[in-house]
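Visitor: For reference, this is input_3.txt, and it has compact mmCIF, C-alpha atoms.
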# COMPACT_ATOMS: atom_id res chain seq x y z
CA MET B 9 132.87 83.91 120.55
CA ASN B 10 132.61 83.99 116.81
CA ILE B 11 132.38 87.11 114.70
CA GLN B 12 132.47 88.00 111.03
CA VAL B 13 134.62 90.91 109.87
CA LEU B 14 134.02 92.74 106.57
CA PHE B 15 136.17 95.28 104.72
CA PHE B 16 135.10 97.57 101.90
CA ALA B 17 136.49 99.77 99.12
CA SER B 18 140.09 100.99 99.46
CA LEU B 19 140.53 99.20 102.80
CA LYS B 20 139.48 95.90 101.21
CA GLU B 21 141.96 96.45 98.37
CA HIS B 22 144.72 97.44 100.77
CA LEU B 23 144.26 94.25 102.82
CA GLY B 24 143.55 92.04 99.84
CA LYS B 25 140.52 90.52 101.54
CA ALA B 26 136.82 91.26 101.85
CA GLU B 27 135.93 89.19 104.90
CA MET B 28 137.15 86.89 107.63
CA GLN B 29 135.73 84.77 110.44
CA LEU B 30 137.33 85.25 113.83
CA GLU B 31 137.25 83.71 117.29
CA VAL B 32 137.56 86.51 119.86
CA PRO B 33 137.34 86.70 123.70
CA PRO B 34 133.94 87.59 125.22
CA SER B 35 133.02 91.31 125.34
CA GLN B 36 135.92 92.33 123.13
CA THR B 37 135.63 95.92 121.95
CA VAL B 38 135.86 97.03 118.33
CA ALA B 39 139.12 98.82 119.23
CA ALA B 40 140.61 95.61 120.66
CA LEU B 41 139.47 93.69 117.60
CA TRP B 42 141.22 96.17 115.31
CA GLN B 43 144.41 95.79 117.38
CA ALA B 44 144.15 91.98 117.22
CA LEU B 45 143.86 92.16 113.43
CA SER B 46 147.38 93.73 113.34
CA MET B 47 146.63 96.14 110.55
CA GLY B 48 149.84 98.10 111.02
CA VAL B 49 148.32 100.81 113.22
CA ASP B 50 147.18 100.04 116.75
CA ALA B 51 144.16 102.33 117.04
CA VAL B 52 141.30 102.48 114.56
CA PRO B 53 142.34 105.42 112.32
CA GLU B 54 140.10 108.46 112.70
CA GLN B 55 138.85 108.32 109.12
CA ILE B 56 137.88 104.63 109.26
CA LEU B 57 134.19 104.03 109.93
CA VAL B 58 132.92 101.05 111.88
CA ALA B 59 129.53 99.34 111.74
CA VAL B 60 128.24 96.40 113.78
CA ASN B 61 125.23 94.54 112.40
CA GLN B 62 124.74 97.21 109.72
CA GLU B 63 124.71 100.17 112.12
CA TYR B 64 127.46 102.72 112.87
CA VAL B 65 129.22 102.25 116.24
CA HIS B 66 132.18 103.79 118.07
CA ALA B 67 135.43 101.94 118.73
CA ASP B 68 134.47 101.27 122.40
CA TYR B 69 131.48 99.16 121.30
CA GLN B 70 131.49 95.71 122.98
CA LEU B 71 131.01 92.83 120.58
CA LYS B 72 128.64 89.90 121.03
CA ASN B 73 128.76 86.40 119.61
CA GLY B 74 127.64 86.31 115.99
CA ASP B 75 128.20 90.04 115.33
CA GLU B 76 129.01 91.27 111.84
CA VAL B 77 131.67 93.97 112.09
CA ALA B 78 132.52 96.15 109.10
CA PHE B 79 135.47 98.53 108.68
CA PHE B 80 135.47 100.98 105.79
CA PRO B 81 136.78 104.34 104.53
CA PRO B 82 134.58 107.49 104.41
CA VAL B 83 131.55 106.84 102.24
CA THR B 84 130.63 108.71 99.07
CA GLY B 85 126.95 107.94 98.56
CA GLY B 86 124.40 110.02 96.73
CA MET S 25 106.32 100.44 93.02
CA PRO S 26 103.74 100.75 95.84
CA THR S 27 102.34 104.19 96.58
CA SER S 28 101.12 103.54 100.11
CA PRO S 29 102.00 106.56 102.28
CA LYS S 30 102.79 104.45 105.36
CA GLY S 31 106.49 105.19 105.39
CA PRO S 32 109.44 105.77 103.11
CA ILE S 33 110.17 103.52 100.14
CA VAL S 34 113.82 102.58 99.68
CA ARG S 35 115.28 100.66 96.73
CA ILE S 36 118.90 99.71 96.16
CA GLN S 37 119.36 98.37 92.64
CA SER S 38 121.84 98.03 89.79
CA ASP S 39 119.21 98.71 87.11
CA ASP S 40 118.50 102.20 85.88
CA PHE S 41 115.20 103.86 86.81
CA ASP S 42 112.68 106.07 85.01
CA THR S 43 112.19 109.25 87.05
CA ALA S 44 109.11 110.40 85.11
CA GLN S 45 107.32 107.09 85.55
CA ILE S 46 108.05 106.88 89.30
CA LEU S 47 106.96 110.50 89.74
CA LYS S 48 103.69 109.86 87.94
CA ARG S 49 102.89 106.88 90.18
CA ALA S 50 103.85 108.78 93.32
CA THR S 51 101.26 111.49 92.68
CA ARG S 52 98.46 109.45 91.11
CA ASP S 53 95.26 109.57 93.21
CA ARG S 54 96.91 111.69 95.90
CA PRO S 55 94.67 114.78 95.81
CA ASN S 56 96.11 116.12 99.08
CA VAL S 57 99.57 116.45 97.52
CA GLY S 58 100.35 120.02 96.48
CA ALA S 59 104.13 119.83 96.23
CA VAL S 60 106.59 117.38 94.73
CA VAL S 61 110.35 117.74 94.93
CA THR S 62 112.49 115.35 92.93
CA PHE S 63 116.26 115.20 93.02
CA THR S 64 118.13 113.07 90.50
CA GLY S 65 121.87 112.62 90.83
CA LEU S 66 123.65 111.85 87.56
CA CYS S 67 127.09 110.55 86.71
CA ARG S 68 129.28 113.44 85.40
CA ASP S 69 131.83 112.81 82.66
CA GLU S 70 134.49 114.88 84.52
CA GLY S 71 135.42 116.94 81.47
CA GLY S 72 135.24 113.95 79.13
CA LYS S 73 137.81 111.94 81.12
CA LEU S 74 135.48 109.47 82.77
CA ALA S 75 134.69 106.13 81.13
CA ALA S 76 132.48 104.90 84.00
CA LEU S 77 131.86 105.24 87.70
CA GLU S 78 131.79 102.04 89.69
CA LEU S 79 129.75 102.07 92.87
CA GLU S 80 130.70 99.51 95.49
CA HIS S 81 128.24 99.18 98.36
CA TYR S 82 127.66 97.29 101.61
CA ALA S 83 124.33 95.91 100.49
CA SER S 84 122.59 95.04 103.76
CA MET S 85 123.76 98.18 105.53
CA ALA S 86 123.03 100.48 102.56
CA GLU S 87 119.40 99.49 102.72
CA ALA S 88 119.20 99.65 106.52
CA GLU S 89 121.01 102.99 106.77
CA ILE S 90 119.00 104.70 104.02
CA LYS S 91 115.80 103.43 105.66
CA ARG S 92 116.92 104.93 108.98
CA ILE S 93 117.69 108.30 107.33
CA ALA S 94 114.44 108.28 105.34
CA THR S 95 112.38 107.30 108.39
CA ARG S 96 113.84 110.21 110.39
CA ALA S 97 112.82 112.58 107.57
CA TYR S 98 109.41 110.96 107.20
CA ASP S 99 108.76 111.30 110.94
CA HIS S 100 109.97 114.90 111.06
CA TRP S 101 108.23 116.54 108.07
CA PRO S 102 104.55 116.24 107.10
CA LEU S 103 105.19 114.18 103.97
CA ASP S 104 102.83 112.10 101.92
CA GLN S 105 105.55 110.04 100.28
CA LEU S 106 109.29 109.72 100.39
CA ILE S 107 110.98 107.56 97.77
CA VAL S 108 114.71 106.89 97.57
CA ILE S 109 116.37 104.84 94.83
CA HIS S 110 120.14 104.36 94.85
CA ARG S 111 122.04 102.45 92.17
CA TYR S 112 125.23 100.42 92.50
CA GLY S 113 127.55 98.79 89.98
CA LYS S 114 129.02 100.32 86.85
CA ILE S 115 127.38 103.59 85.77
CA ALA S 116 128.20 105.46 82.55
CA PRO S 117 128.41 109.26 82.31
CA GLY S 118 124.95 110.76 81.89
CA GLU S 119 123.22 107.87 83.64
CA ASN S 120 121.20 108.14 86.85
CA ILE S 121 122.82 107.35 90.21
CA VAL S 122 120.26 108.37 92.80
CA LEU S 123 116.66 109.56 93.00
CA VAL S 124 114.84 111.22 95.90
CA ILE S 125 111.16 112.13 95.62
CA ALA S 126 109.36 113.91 98.46
CA THR S 127 105.68 114.76 98.18
CA SER S 128 103.68 116.86 100.61
CA SER S 129 100.73 119.23 100.88
CA HIS S 130 103.10 122.21 100.87
CA ARG S 131 106.48 122.86 99.32
CA GLN S 132 108.64 123.59 102.35
CA ALA S 133 108.41 120.09 103.80
CA ALA S 134 109.12 118.50 100.42
CA PHE S 135 112.15 120.74 99.71
CA GLU S 136 113.64 120.27 103.16
CA ALA S 137 113.11 116.51 103.35
CA ALA S 138 114.69 115.94 99.92
CA SER S 139 117.64 118.12 100.85
CA TYR S 140 118.08 116.35 104.21
CA LEU S 141 118.02 112.97 102.48
CA MET S 142 120.72 113.92 99.99
CA ASP S 143 122.97 115.47 102.65
CA TYR S 144 122.83 112.28 104.73
CA LEU S 145 123.19 109.92 101.77
CA LYS S 146 126.47 111.69 100.96
CA THR S 147 127.99 111.21 104.40
CA ASN S 148 126.29 108.07 105.80
CA ALA S 149 125.12 105.69 103.07
CA PRO S 150 127.80 103.00 102.64
CA PHE S 151 128.64 103.44 98.96
CA TRP S 152 132.08 104.07 97.50
CA LYS S 153 132.72 105.48 94.03
CA LYS S 154 135.62 104.49 91.85
CA GLU S 155 136.45 106.37 88.66
CA HIS S 156 137.47 104.42 85.57
CA HIS S 157 139.29 106.70 83.14
CA LYS S 158 139.04 106.76 79.35
CA ASP S 159 142.79 107.17 78.87
CA GLY S 160 143.53 103.94 80.73
CA THR S 161 145.23 105.62 83.71
CA SER S 162 144.66 103.69 86.92
CA ASP S 163 141.26 103.65 88.57
CA GLU S 164 140.79 106.10 91.41
CA TRP S 165 138.55 106.14 94.49
CA VAL S 166 136.52 109.32 94.85
CA GLU S 167 137.46 111.00 98.16
CA ALA S 168 134.82 112.11 100.63
CA THR S 169 134.88 115.88 101.10
CA ASP S 170 134.60 118.13 104.17
CA LYS S 171 131.96 120.09 102.28
CA ASP S 172 129.60 117.14 102.72
CA ASP S 173 130.21 117.03 106.48
CA LYS S 174 129.58 120.79 106.71
CA ALA S 175 126.28 120.37 104.87
CA LEU S 176 125.01 118.32 107.83
CA GLU S 177 125.40 121.19 110.29
CA ARG S 178 122.12 122.78 109.28
CA TRP S 179 120.21 119.64 110.33
CA LYS S 180 121.55 119.55 113.90
CA GLU S 181 118.11 120.04 115.44
CA ILE S 182 116.62 117.04 113.63
Can I see the file as structure tokens?

Guide:
Amino acid sequence: MNIQVLFFASLKEHLGKAEMQLEVPPSQTVAALWQALSMGVDAVPEQILVAVNQEYVHADYQLKNGDEVAFFPPVTGG
Amino acid sequence: MPTSPKGPIVRIQSDDFDTAQILKRATRDRPNVGAVVTFTGLCRDEGGKLAALELEHYASMAEAEIKRIATRAYDHWPLDQLIVIHRYGKIAPGENIVLVIATSSHRQAAFEAASYLMDYLKTNAPFWKKEHHKDGTSDEWVEATDKDDKALERWKEI
């Protein structure tokens, strides 16, 4: 299945990219996706936030075809 | 800006806003409103060191998440109106960043809803602030603080 991955702020700068399209196996979890991206650390770091389709999720969330997954550092809104 | 009290109004924009004008419209022809709380967040100059603050945001989620937060507040407190405006892009010291207006028959609901909104915007709204310095030293991301997480504890029941 096909998913879109987005990165923001310091994570985007660190990786040097804002987005990518990926083909992943059915029902892959966010945690497995992070591992497949080979970001240097195997588990999603505690401080990194994850959203799927513009809503916060935990790392055990199972992805569906067409999902938009975003990884980003702690937010500083307001 | 519409003044229909059917739910919160959320705007994410790069343009500045006029607090006084929005406030005037929010209370016009609302004779049941007895209390208005407005919070405006401004860009500090950090002791004269800051040239500008740059706000990056995740546009689609910023709108969705702020609507979710505002809807929770709107459903919980007896409000007439709840308006949230959050800017993104480059903001100079002294300029507006964020506006929350809560109107109600009585003050407690308006105070609490505005406070709740700001506490959640700090920890949940997907914006990131980068400081550009006047002296040309490298740009720096503003770190999230534990203080903001602690502020949420008082809203556990909501």

Visitor: Please provide the set of residues having any atom within 9 Å of stretch 57-69 of chain S, restricted to all atoms listed in the file, with same-chain residues fewer than 4 positions apart removed, written as a PyMOL selection string.

Guide: (chain B and resi 86) or (chain S and resi 43+47+51+73-77+103-104+115-135+137-139+142)

Visitor: Distance table requested - chain B against chain S, cut-off 7 Å, only C-alpha atoms: one row per qualifying residue with the closest atom pair and its distance in Å to one decimal, ordered by chain and rising residue number, as CSV.

Guide:
residue,atom,partner,partner_atom,distance
B:Ala17,CA,S:Trp152,CA,6.4
B:Gln62,CA,S:Met85,CA,4.4
B:Glu63,CA,S:Met85,CA,6.9
B:Pro82,CA,S:Ala168,CA,6.0
B:Val83,CA,S:Pro150,CA,5.4
B:Thr84,CA,S:Trp152,CA,5.1
B:Gly85,CA,S:Lys146,CA,4.5
B:Gly86,CA,S:Lys146,CA,5.0

Visitor: Excluding B:Leu14 and any residue of its chain fewer than 2 positions from it, enumerate the residues within 10 Å of it, using all atoms listed in the file, and give them as a compact mmCIF listing (two decimals) with C-alpha atoms, in the frame of the given file.

Guide:
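In the end it all went to around-v9.txt:
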# COMPACT_ATOMS: atom_id res chain seq x y z
CA GLN B 12 132.47 88.00 111.03
CA PHE B 16 135.10 97.57 101.90
CA LEU B 19 140.53 99.20 102.80
CA LYS B 20 139.48 95.90 101.21
CA LYS B 25 140.52 90.52 101.54
CA ALA B 26 136.82 91.26 101.85
CA GLU B 27 135.93 89.19 104.90
CA MET B 28 137.15 86.89 107.63
CA GLN B 29 135.73 84.77 110.44
CA VAL B 58 132.92 101.05 111.88
CA ALA B 59 129.53 99.34 111.74
CA VAL B 60 128.24 96.40 113.78
CA GLU B 76 129.01 91.27 111.84
CA VAL B 77 131.67 93.97 112.09
CA ALA B 78 132.52 96.15 109.10
CA PHE B 79 135.47 98.53 108.68
CA PHE B 80 135.47 100.98 105.79
CA TYR S 82 127.66 97.29 101.61

Visitor: Can you sort out the box for stretch 17-22 of chain B, edges along x, y and z, all listed atoms in, 3 Å on every side, with centre and edge lengths in Å to one decimal, as JSON?

Guide:
{"center_x": 140.6, "center_y": 98.4, "center_z": 100.6, "size_x": 14.2, "size_y": 11.1, "size_z": 10.4}

Visitor: Need to verify the contact set: B:Asp50, 10 Å, only C-alpha atoms, exclusion of same-chain residues closer than 5 positions in sequence. Can you return it as number ranges by chain?

Guide: B: 39-40, 42-45

Visitor: Using atom CA of B:Leu57 and atom CA of S:Ile182 as the two end points, give the distance in Å to one decimal.

Guide: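 Atom-to-atom, atom CA of B:Leu57 to atom CA of S:Ile182, that is 22.2 Å.
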
Visitor: Just checking: using only C-alpha atoms, which residue out of B:Val52, B:Leu30, B:Leu23, B:Met9 ends up closest to B:Asp68?

Guide: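 Looking at the shortest contact to B:Asp68, the residue is B:Val52.
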
Visitor: Find the distance between atom CA of S:Asn56 and atom CA of S:Arg96 and write it in Å to one decimal.

Guide: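 Interatomic distance, atom CA of S:Asn56 to atom CA of S:Arg96: 21.8 Å.
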
Visitor: Could you state the separation of atom CA of B:Glu54 and atom CA of B:Ala67 in Å, given to one decimal place?

Guide: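 Those two atoms sit 10.0 Å apart.
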
Visitor: Taking 6 positions as the minimum chain separation for residues in the same chain, which residues sit within 10 Å of B:Pro33 when counting only C-alpha atoms? Answer as a PDB file with C-alpha atoms, in the frame of the given file.

Guide:
ATOM      1  CA  MET B   9     132.870  83.910 120.550  1.00  0.00           C
ATOM      2  CA  ASN B  10     132.610  83.990 116.810  1.00  0.00           C
ATOM      3  CA  ALA B  40     140.610  95.610 120.660  1.00  0.00           C
ATOM      4  CA  LEU B  41     139.470  93.690 117.600  1.00  0.00           C
ATOM      5  CA  LEU B  71     131.010  92.830 120.580  1.00  0.00           C
ATOM      6  CA  LYS B  72     128.640  89.900 121.030  1.00  0.00           C
ATOM      7  CA  ASN B  73     128.760  86.400 119.610  1.00  0.00           C
TER       8      ASN B  73
END
